[in-house]
$ cat start.cif   # mmCIF, C-alpha atoms and all ligand atoms
data_start
loop_
_atom_site.group_PDB
_atom_site.id
_atom_site.type_symbol
_atom_site.label_atom_id
_atom_site.label_comp_id
_atom_site.auth_asym_id
_atom_site.auth_seq_id
_atom_site.Cartn_x
_atom_site.Cartn_y
_atom_site.Cartn_z
ATOM 1 C CA MET A 1 97.144 70.524 94.794
ATOM 2 C CA THR A 2 97.972 73.528 96.987
ATOM 3 C CA PHE A 3 97.847 73.428 100.768
ATOM 4 C CA LYS A 4 94.825 75.766 100.800
ATOM 5 C CA LYS A 5 92.860 73.521 98.440
ATOM 6 C CA GLN A 6 93.769 70.447 100.506
ATOM 7 C CA LEU A 7 92.574 72.253 103.628
ATOM 8 C CA VAL A 8 89.181 73.137 102.141
ATOM 9 C CA LEU A 9 88.725 69.667 100.644
ATOM 10 C CA GLY A 10 89.731 68.090 103.942
ATOM 11 C CA TYR A 11 87.229 70.223 105.892
ATOM 12 C CA GLY A 12 84.508 69.484 103.347
ATOM 13 C CA LEU A 13 85.087 65.739 103.523
ATOM 14 C CA LEU A 14 85.248 65.807 107.314
ATOM 15 C CA LEU A 15 81.942 67.659 107.530
ATOM 16 C CA CYS A 16 80.285 65.345 104.977
ATOM 17 C CA LEU A 17 81.454 62.254 106.824
ATOM 18 C CA THR A 18 80.564 63.479 110.288
ATOM 19 C CA LEU A 19 77.218 64.969 109.295
ATOM 20 C CA PRO A 20 75.295 61.655 109.223
ATOM 21 C CA VAL A 21 76.812 60.731 112.618
ATOM 22 C CA VAL A 22 76.077 64.107 114.197
ATOM 23 C CA THR A 23 72.554 64.240 112.804
ATOM 24 C CA TYR A 24 71.753 60.585 113.483
ATOM 25 C CA GLY A 25 68.569 60.374 115.453
ATOM 26 C CA LEU A 26 67.595 63.987 114.741
ATOM 27 C CA SER A 27 64.307 64.754 113.097
ATOM 28 C CA CYS A 28 64.223 65.089 109.327
ATOM 29 C CA HIS A 29 63.627 68.823 109.744
ATOM 30 C CA LEU A 30 66.806 69.254 111.845
ATOM 31 C CA GLN A 31 68.818 67.160 109.389
ATOM 32 C CA TRP A 32 67.868 69.612 106.623
ATOM 33 C CA VAL A 33 68.967 72.514 108.826
ATOM 34 C CA CYS A 34 72.357 70.819 109.374
ATOM 35 C CA LEU A 35 72.740 70.164 105.662
ATOM 36 C CA TYR A 36 71.946 73.801 104.940
ATOM 37 C CA ALA A 37 74.537 74.938 107.541
ATOM 38 C CA LEU A 38 77.112 72.625 105.942
ATOM 39 C CA LEU A 39 76.471 74.144 102.535
ATOM 40 C CA VAL A 40 76.827 77.679 103.925
ATOM 41 C CA VAL A 41 80.155 76.763 105.553
ATOM 42 C CA LEU A 42 81.475 75.220 102.331
ATOM 43 C CA ILE A 43 80.377 78.141 100.152
ATOM 44 C CA SER A 44 81.908 80.696 102.562
ATOM 45 C CA ALA A 45 85.179 78.731 102.590
ATOM 46 C CA ALA A 46 85.241 78.698 98.775
ATOM 47 C CA LEU A 47 84.477 82.446 98.617
ATOM 48 C CA SER A 48 87.225 83.203 101.168
ATOM 49 C CA LEU A 49 89.657 81.274 98.982
ATOM 50 C CA VAL A 50 88.701 83.261 95.899
ATOM 51 C CA MET A 51 89.092 86.537 97.824
ATOM 52 C CA LEU A 52 92.432 85.439 99.233
ATOM 53 C CA ARG A 53 93.645 84.618 95.750
ATOM 54 C CA GLU A 54 92.561 88.065 94.500
ATOM 55 C CA VAL A 55 94.364 89.791 97.405
ATOM 56 C CA ASN A 56 97.511 87.773 96.605
ATOM 57 C CA ARG A 57 97.253 88.660 92.912
ATOM 58 C CA ARG A 58 96.900 92.366 93.698
ATOM 59 C CA GLN A 59 99.818 92.218 96.132
ATOM 60 C CA ARG A 60 102.017 90.570 93.481
ATOM 61 C CA GLN A 61 100.947 93.146 90.887
ATOM 62 C CA PHE A 62 101.683 95.960 93.347
ATOM 63 C CA ASN A 63 105.182 94.590 94.056
ATOM 64 C CA THR A 64 105.894 94.244 90.332
ATOM 65 C CA ASP A 65 104.673 97.804 89.648
ATOM 66 C CA VAL A 66 106.732 99.291 92.481
ATOM 67 C CA ALA A 67 109.861 97.401 91.391
ATOM 68 C CA HIS A 68 109.333 98.635 87.829
ATOM 69 C CA GLU A 69 108.830 102.251 88.944
ATOM 70 C CA LEU A 70 111.960 102.198 91.090
ATOM 71 C CA ARG A 71 114.189 100.376 88.618
ATOM 72 C CA THR A 72 114.252 103.048 85.892
ATOM 73 C CA PRO A 73 115.325 106.042 88.007
ATOM 74 C CA LEU A 74 117.730 103.900 90.044
ATOM 75 C CA THR A 75 119.403 102.571 86.884
ATOM 76 C CA SER A 76 119.776 106.080 85.515
ATOM 77 C CA LEU A 77 121.188 107.374 88.822
ATOM 78 C CA ARG A 78 123.611 104.482 89.071
ATOM 79 C CA GLY A 79 124.828 105.001 85.493
ATOM 80 C CA THR A 80 125.419 108.702 86.064
ATOM 81 C CA LEU A 81 127.219 108.172 89.384
ATOM 82 C CA GLU A 82 129.423 105.410 87.918
ATOM 83 C CA ALA A 83 130.401 107.654 84.997
ATOM 84 C CA LEU A 84 131.244 110.446 87.462
ATOM 85 C CA LEU A 85 133.263 108.106 89.717
ATOM 86 C CA ASP A 86 135.183 106.573 86.787
ATOM 87 C CA GLY A 87 136.087 110.024 85.565
ATOM 88 C CA VAL A 88 134.231 109.448 82.270
ATOM 89 C CA TRP A 89 132.127 112.527 83.032
ATOM 90 C CA GLU A 90 133.032 115.777 84.730
ATOM 91 C CA PRO A 91 130.911 116.375 87.852
ATOM 92 C CA THR A 92 129.322 119.531 86.429
ATOM 93 C CA PRO A 93 126.667 121.370 88.480
ATOM 94 C CA GLU A 94 124.033 120.332 85.868
ATOM 95 C CA ARG A 95 124.835 116.613 86.253
ATOM 96 C CA LEU A 96 124.815 116.840 90.036
ATOM 97 C CA ALA A 97 121.548 118.791 89.914
ATOM 98 C CA SER A 98 120.014 116.119 87.678
ATOM 99 C CA CYS A 99 121.021 113.394 90.206
ATOM 100 C CA HIS A 100 119.558 115.499 92.984
ATOM 101 C CA GLU A 101 116.316 115.910 91.025
ATOM 102 C CA GLU A 102 116.061 112.164 90.418
ATOM 103 C CA ILE A 103 116.549 111.488 94.144
ATOM 104 C CA GLY A 104 113.807 114.038 94.866
ATOM 105 C CA ARG A 105 111.466 112.196 92.485
ATOM 106 C CA LEU A 106 112.258 108.869 94.137
ATOM 107 C CA THR A 107 111.632 110.325 97.589
ATOM 108 C CA LYS A 108 108.268 111.710 96.435
ATOM 109 C CA LEU A 109 107.334 108.353 94.915
ATOM 110 C CA VAL A 110 108.121 106.527 98.159
ATOM 111 C CA GLU A 111 106.156 109.102 100.195
ATOM 112 C CA ASP A 112 103.189 108.894 97.803
ATOM 113 C CA LEU A 113 103.214 105.097 97.936
ATOM 114 C CA SER A 114 103.293 105.114 101.699
ATOM 115 C CA LEU A 115 100.395 107.612 101.808
ATOM 116 C CA LEU A 116 98.380 105.568 99.330
ATOM 117 C CA THR A 117 98.869 102.370 101.333
ATOM 118 C CA ASN A 118 97.816 104.188 104.495
ATOM 119 C CA ILE A 119 94.652 105.508 102.852
ATOM 120 C CA GLU A 120 93.724 102.230 101.170
ATOM 121 C CA TRP A 121 94.218 100.193 104.348
ATOM 122 C CA GLU A 122 92.437 102.910 106.334
ATOM 123 C CA TYR A 123 95.425 103.554 108.621
ATOM 124 C CA ILE A 124 94.774 107.259 108.196
ATOM 125 C CA LYS A 125 92.175 108.816 110.447
ATOM 126 C CA LEU A 126 90.424 111.753 108.832
ATOM 127 C CA ASN A 127 90.554 114.824 111.023
ATOM 128 C CA LYS A 128 87.187 116.310 110.080
ATOM 129 C CA THR A 129 86.323 119.903 110.917
ATOM 130 C CA ASP A 130 83.715 122.404 109.692
ATOM 131 C CA PHE A 131 84.996 124.951 107.193
ATOM 132 C CA ASP A 132 84.108 126.865 104.048
ATOM 133 C CA LEU A 133 84.943 124.928 100.870
ATOM 134 C CA ALA A 134 85.547 128.247 99.079
ATOM 135 C CA ASP A 135 88.355 129.125 101.533
ATOM 136 C CA LEU A 136 90.086 125.814 100.873
ATOM 137 C CA LEU A 137 89.810 126.253 97.092
ATOM 138 C CA LYS A 138 91.126 129.824 97.275
ATOM 139 C CA GLU A 139 94.068 128.767 99.421
ATOM 140 C CA THR A 140 94.933 125.790 97.202
ATOM 141 C CA ALA A 141 94.703 127.918 94.045
ATOM 142 C CA SER A 142 96.962 130.586 95.544
ATOM 143 C CA ARG A 143 99.710 127.959 95.912
ATOM 144 C CA PHE A 144 99.603 127.371 92.139
ATOM 145 C CA GLN A 145 99.498 131.010 90.997
ATOM 146 C CA ALA A 146 103.264 131.158 90.483
ATOM 147 C CA ALA A 147 103.369 127.885 88.498
ATOM 148 C CA ALA A 148 100.500 129.052 86.273
ATOM 149 C CA LEU A 149 102.127 132.447 85.743
ATOM 150 C CA GLN A 150 105.389 130.793 84.791
ATOM 151 C CA LYS A 151 103.606 128.883 82.011
ATOM 152 C CA GLY A 152 101.627 131.948 80.919
ATOM 153 C CA LEU A 153 98.320 130.350 81.998
ATOM 154 C CA ALA A 154 95.367 132.170 83.515
ATOM 155 C CA LEU A 155 94.328 130.584 86.803
ATOM 156 C CA GLU A 156 90.664 131.535 87.248
ATOM 157 C CA LEU A 157 88.660 131.101 90.404
ATOM 158 C CA ASP A 158 84.856 131.179 90.527
ATOM 159 C CA VAL A 159 83.938 129.858 93.955
ATOM 160 C CA GLN A 160 80.977 130.351 96.234
ATOM 161 C CA SER A 161 80.702 129.870 99.953
ATOM 162 C CA GLN A 162 79.750 126.315 100.960
ATOM 163 C CA ALA A 163 79.932 124.883 104.472
ATOM 164 C CA ILE A 164 81.494 121.431 104.535
ATOM 165 C CA ARG A 165 82.686 118.949 107.150
ATOM 166 C CA ALA A 166 85.868 117.260 106.002
ATOM 167 C CA ASP A 167 89.609 116.888 106.598
ATOM 168 C CA TYR A 168 90.965 120.262 105.471
ATOM 169 C CA ASP A 169 94.524 119.132 104.712
ATOM 170 C CA ARG A 170 93.547 115.918 102.930
ATOM 171 C CA LEU A 171 90.976 117.716 100.804
ATOM 172 C CA GLY A 172 93.619 120.324 100.032
ATOM 173 C CA GLN A 173 95.799 117.494 98.778
ATOM 174 C CA VAL A 174 93.009 116.246 96.482
ATOM 175 C CA PHE A 175 92.670 119.639 94.786
ATOM 176 C CA SER A 176 96.456 120.170 94.751
ATOM 177 C CA ASN A 177 96.926 116.921 92.833
ATOM 178 C CA ILE A 178 94.185 117.781 90.336
ATOM 179 C CA LEU A 179 95.371 121.381 89.927
ATOM 180 C CA SER A 180 99.025 120.482 89.523
ATOM 181 C CA ASN A 181 98.034 118.089 86.708
ATOM 182 C CA ALA A 182 95.838 120.730 85.074
ATOM 183 C CA ILE A 183 98.806 123.112 84.979
ATOM 184 C CA LYS A 184 101.318 120.409 84.058
ATOM 185 C CA TYR A 185 99.306 119.168 81.072
ATOM 186 C CA THR A 186 98.235 122.601 79.785
ATOM 187 C CA ASP A 187 100.558 124.605 77.558
ATOM 188 C CA ALA A 188 98.267 127.508 76.686
ATOM 189 C CA GLY A 189 94.974 128.985 77.822
ATOM 190 C CA SER A 190 93.547 128.653 81.291
ATOM 191 C CA VAL A 191 92.782 126.539 84.313
ATOM 192 C CA THR A 192 89.482 127.244 86.063
ATOM 193 C CA ILE A 193 88.291 126.179 89.501
ATOM 194 C CA ARG A 194 84.634 126.555 90.274
ATOM 195 C CA ASN A 195 82.109 125.041 92.639
ATOM 196 C CA ALA A 196 78.367 124.579 92.696
ATOM 197 C CA GLY A 197 77.592 123.742 96.290
ATOM 198 C CA LYS A 198 79.656 120.720 97.260
ATOM 199 C CA GLU A 199 80.526 119.923 93.665
ATOM 200 C CA VAL A 200 83.913 121.211 92.506
ATOM 201 C CA PHE A 201 85.054 121.501 88.881
ATOM 202 C CA VAL A 202 88.660 121.916 87.751
ATOM 203 C CA ALA A 203 88.781 122.618 84.024
ATOM 204 C CA ASP A 204 91.768 123.151 81.773
ATOM 205 C CA THR A 205 92.390 123.916 78.109
ATOM 206 C CA GLY A 206 95.283 121.485 77.880
ATOM 207 C CA MET A 207 96.243 118.464 75.813
ATOM 208 C CA GLY A 208 93.282 116.412 77.030
ATOM 209 C CA ILE A 209 93.177 112.692 77.752
ATOM 210 C CA PRO A 210 92.657 110.133 74.949
ATOM 211 C CA PRO A 211 89.336 108.227 75.250
ATOM 212 C CA ASP A 212 91.119 104.885 75.680
ATOM 213 C CA ALA A 213 93.176 106.295 78.570
ATOM 214 C CA LEU A 214 90.329 108.049 80.376
ATOM 215 C CA PRO A 215 88.944 104.977 82.191
ATOM 216 C CA HIS A 216 92.418 104.199 83.600
ATOM 217 C CA ILE A 217 93.748 107.524 84.883
ATOM 218 C CA PHE A 218 92.753 106.814 88.497
ATOM 219 C CA GLU A 219 94.652 103.517 88.469
ATOM 220 C CA ARG A 220 97.967 103.290 90.264
ATOM 221 C CA PHE A 221 101.005 104.119 88.061
ATOM 222 C CA TYR A 222 98.883 104.774 84.984
ATOM 223 C CA ARG A 223 100.141 107.498 82.640
ATOM 224 C CA SER A 224 98.319 108.175 79.405
ATOM 225 C CA ASP A 225 101.649 108.746 77.714
ATOM 226 C CA GLY A 226 104.348 107.016 79.777
ATOM 227 C CA SER A 227 107.510 108.613 78.503
ATOM 228 C CA ARG A 228 106.109 112.128 78.310
ATOM 229 C CA ALA A 229 104.524 111.966 81.761
ATOM 230 C CA ARG A 230 107.736 110.583 83.245
ATOM 231 C CA SER A 231 109.703 113.445 81.712
ATOM 232 C CA THR A 232 107.280 115.895 83.357
ATOM 233 C CA GLY A 233 108.019 114.263 86.700
ATOM 234 C CA GLY A 234 104.760 112.310 86.971
ATOM 235 C CA SER A 235 104.662 109.114 88.961
ATOM 236 C CA GLY A 236 101.155 108.162 87.848
ATOM 237 C CA ILE A 237 99.954 108.030 91.419
ATOM 238 C CA GLY A 238 98.609 111.547 92.123
ATOM 239 C CA LEU A 239 95.094 110.827 90.872
ATOM 240 C CA THR A 240 95.001 107.456 92.665
ATOM 241 C CA ILE A 241 95.680 109.291 95.925
ATOM 242 C CA ALA A 242 93.079 111.955 95.087
ATOM 243 C CA ALA A 243 90.453 109.309 94.295
ATOM 244 C CA ALA A 244 91.232 107.329 97.479
ATOM 245 C CA LEU A 245 90.941 110.480 99.622
ATOM 246 C CA VAL A 246 87.670 111.511 97.974
ATOM 247 C CA LYS A 247 86.317 107.993 98.534
ATOM 248 C CA ALA A 248 87.411 108.136 102.190
ATOM 249 C CA HIS A 249 85.212 111.261 102.451
ATOM 250 C CA GLY A 250 82.278 109.402 100.908
ATOM 251 C CA GLY A 251 82.540 111.424 97.677
ATOM 252 C CA ALA A 252 83.126 110.667 94.020
ATOM 253 C CA ILE A 253 85.601 111.895 91.434
ATOM 254 C CA HIS A 254 85.029 111.906 87.697
ATOM 255 C CA ALA A 255 86.901 113.139 84.626
ATOM 256 C CA GLU A 256 85.745 114.202 81.180
ATOM 257 C CA SER A 257 88.111 115.126 78.422
ATOM 258 C CA GLU A 258 88.504 115.869 74.752
ATOM 259 C CA THR A 259 91.903 115.311 73.170
ATOM 260 C CA GLY A 260 93.506 118.595 72.211
ATOM 261 C CA LYS A 261 90.775 120.653 73.888
ATOM 262 C CA GLY A 262 91.132 120.034 77.602
ATOM 263 C CA SER A 263 89.799 118.180 80.609
ATOM 264 C CA VAL A 264 87.312 118.711 83.410
ATOM 265 C CA PHE A 265 87.682 116.966 86.761
ATOM 266 C CA ARG A 266 84.573 116.899 88.931
ATOM 267 C CA VAL A 267 84.670 116.134 92.628
ATOM 268 C CA ARG A 268 81.342 115.664 94.383
ATOM 269 C CA PHE A 269 80.764 115.293 98.143
HETATM 270 P P1 LIG B 1 101.097 111.865 87.072
HETATM 271 O O1 LIG B 1 101.898 112.037 88.303
HETATM 272 O O2 LIG B 1 101.750 111.055 86.004
HETATM 273 O O3 LIG B 1 100.518 113.142 86.571
HETATM 274 P P2 LIG B 1 98.432 111.189 87.893
HETATM 275 O O4 LIG B 1 97.922 110.009 88.648
HETATM 276 O O5 LIG B 1 98.273 112.508 88.570
HETATM 277 O O6 LIG B 1 99.932 110.903 87.536
HETATM 278 O O7 LIG B 1 97.716 111.239 86.488
HETATM 279 C C1 LIG B 1 97.643 110.058 85.700
HETATM 280 C C2 LIG B 1 97.718 110.387 84.225
HETATM 281 O O8 LIG B 1 96.501 111.040 83.834
HETATM 282 C C3 LIG B 1 98.827 111.374 83.869
HETATM 283 O O9 LIG B 1 100.037 110.717 83.636
HETATM 284 C C4 LIG B 1 98.282 112.022 82.611
HETATM 285 O O10 LIG B 1 98.599 111.223 81.503
HETATM 286 C C5 LIG B 1 96.756 111.989 82.821
HETATM 287 N N1 LIG B 1 96.215 113.300 83.289
HETATM 288 C C6 LIG B 1 95.853 113.621 84.537
HETATM 289 N N2 LIG B 1 95.348 114.866 84.598
HETATM 290 C C7 LIG B 1 95.402 115.353 83.343
HETATM 291 C C8 LIG B 1 95.037 116.590 82.734
HETATM 292 N N3 LIG B 1 94.490 117.597 83.444
HETATM 293 N N4 LIG B 1 95.223 116.720 81.402
HETATM 294 C C9 LIG B 1 95.752 115.706 80.675
HETATM 295 N N5 LIG B 1 96.132 114.519 81.177
HETATM 296 C C10 LIG B 1 95.960 114.332 82.500
#
$ encode --input "start.cif" --output "structure tokens" --more "lines below"
Ligand code: ADP
Amino acid sequence: MTFKKQLVLGYGLLLCLTLPVVTYGLSCHLQWVCLYALLVVLISAALSLVMLREVNRRQRQFNTDVAHELRTPLTSLRGTLEALLDGVWEPTPERLASCHEEIGRLTKLVEDLSLLTNIEWEYIKLNKTDFDLADLLKETASRFQAAALQKGLALELDVQSQAIRADYDRLGQVFSNILSNAIKYTDAGSVTIRNAGKEVFVADTGMGIPPDALPHIFERFYRSDGSRARSTGGSGIGLTIAAALVKAHGGAIHAESETGKGSVFRVRF
């Protein structure tokens, strides 16, 4: 029996044994009140235990996931560097650039993880101001024009003025994460950003998300196609951050998709 279980059992027994002594001489009515209080204490202790166990389970899962995410790039980096040091490989600019790229990916992963933890544990204070949602969408889209152009995609904007009170930078990050995915997972056609009041739609004509993957895309480290997403530089954490930031603003995020036809992400405030 674990220490926690012993503690709860011990407290329960103590209360049961002392109850008749404490309530001795009290009216029947008061004895019922004491019994009721005892039950409440015991049930809350049991619930706290269950919650504690769930927190521990999530923490363990998180550690395992992080270790797994770090192991693959670190192993590849180590292998490359060892081959370069042993003289098995020539230190060509391409090989050095690939190491540099891998380090960049690792750095981004660590930064994203730190941001996610800060949002989830509410260490981040939202700096809310009044602004026009259309301005934010225009500015975010402009940062992706070059990437879209490079892939031959049309980046279309159909936004209307809408006053909103939110954290400008954090909201910008939400739409950046959604837009960068839309471009990353679309090989031909277009990416469209449009809003209807405080509801924003980001639609693409890309590969789409399989129905069995759709319910999981906002989960940490989830990629609908692991190897492919990893090769595109995805850490599987961008949408988790977006969802956490939207939630922190009291909003909701939702995705619809059809494999081979495209996806639509809807953010509502
Ligand atoms: P990643 O960094 O891997 O893109 P995300 O958390 O941003 O991680 O997305 C999770 C997964 O959801 C991606 O790996 C991808 O499989 C899927 N996904 C997200 N957006 C799209 C999209 N617009 N089209 C197709 N698949 C998408």
$ closest_residue --input "start.cif" --among "A:Phe131, A:Tyr222, A:Trp89, A:Phe265" --to "Ile178 in chain A" --atoms "only C-alpha atoms"
A:Phe265
$ resolve_selection --input "start.cif" --expression "the PyMOL selection byres (((chain A and resi 180-194) around 6) and not hetatm)" --output "VMD selection string"
chain A and resid 153 to 159 176 to 179 195 200 to 206
$ closest_residue --input "start.cif" --among "A:Asn118, A:Thr80, A:Thr129, A:Ser98" --to "Asp167 in chain A" --atoms "all atoms listed in the file"
A:Thr129
$ resolve_selection --input "start.cif" --expression "the PyMOL selection byres (((chain A and resi 64-74) around 10) and not hetatm)" --output "PyMOL selection string"
chain A and resi 58-63+75-80+99+102-103+105-106+109-110+113+220-221+235-236
$ atom_distance --input "start.cif" --atom1 "atom C3 of ligand LIG 1 (chain B)" --atom2 "CA of Gly234 in chain A"
6.8 Å
$ residues_near_point --input "start.cif" --point "(87.9, 122.2, 103.8)" --cutoff "8 Å" --atoms "only C-alpha atoms" --output "PDB file with C-alpha atoms, keeping the file's coordinate frame"
ATOM      1  CA  THR A 129      86.323 119.903 110.917  1.00  0.00           C
ATOM      2  CA  ASP A 130      83.715 122.404 109.692  1.00  0.00           C
ATOM      3  CA  PHE A 131      84.996 124.951 107.193  1.00  0.00           C
ATOM      4  CA  ASP A 132      84.108 126.865 104.048  1.00  0.00           C
ATOM      5  CA  LEU A 133      84.943 124.928 100.870  1.00  0.00           C
ATOM      6  CA  ASP A 135      88.355 129.125 101.533  1.00  0.00           C
ATOM      7  CA  LEU A 136      90.086 125.814 100.873  1.00  0.00           C
ATOM      8  CA  ILE A 164      81.494 121.431 104.535  1.00  0.00           C
ATOM      9  CA  ARG A 165      82.686 118.949 107.150  1.00  0.00           C
ATOM     10  CA  ALA A 166      85.868 117.260 106.002  1.00  0.00           C
ATOM     11  CA  ASP A 167      89.609 116.888 106.598  1.00  0.00           C
ATOM     12  CA  TYR A 168      90.965 120.262 105.471  1.00  0.00           C
ATOM     13  CA  ASP A 169      94.524 119.132 104.712  1.00  0.00           C
ATOM     14  CA  LEU A 171      90.976 117.716 100.804  1.00  0.00           C
ATOM     15  CA  GLY A 172      93.619 120.324 100.032  1.00  0.00           C
TER      16      GLY A 172
END
$ residues_near_point --input "start.cif" --point "(78.3, 120.3, 94.6)" --cutoff "9 Å" --atoms "all atoms listed in the file" --output "list in words"
Gln162, Asn195, Ala196, Gly197, Lys198, Glu199, Val200, Phe201, Val267, Arg268 and Phe269 of chain A
$ resolve_selection --input "start.cif" --expression "the PyMOL selection byres (((chain A and resi 245-258) around 8) and not hetatm)" --output "PyMOL selection string"
chain A and resi 119+166+170-171+174+208-211+214+241-244+259-269
$ atom_distance --input "start.cif" --atom1 "atom O9 of ligand LIG 1 (chain B)" --atom2 "CA of Leu126 in chain A"
27.0 Å
$ axis_aligned_box --input "start.cif" --around "range 196-203 of chain A" --padding-each-side "3 Å" --output "JSON"
{"center_x": 83.2, "center_y": 122.3, "center_z": 90.6, "size_x": 17.2, "size_y": 10.7, "size_z": 19.2}
$ atom_distance --input "start.cif" --atom1 "atom O9 of ligand LIG 1 (chain B)" --atom2 "CA of Asp212 in chain A"
13.3 Å
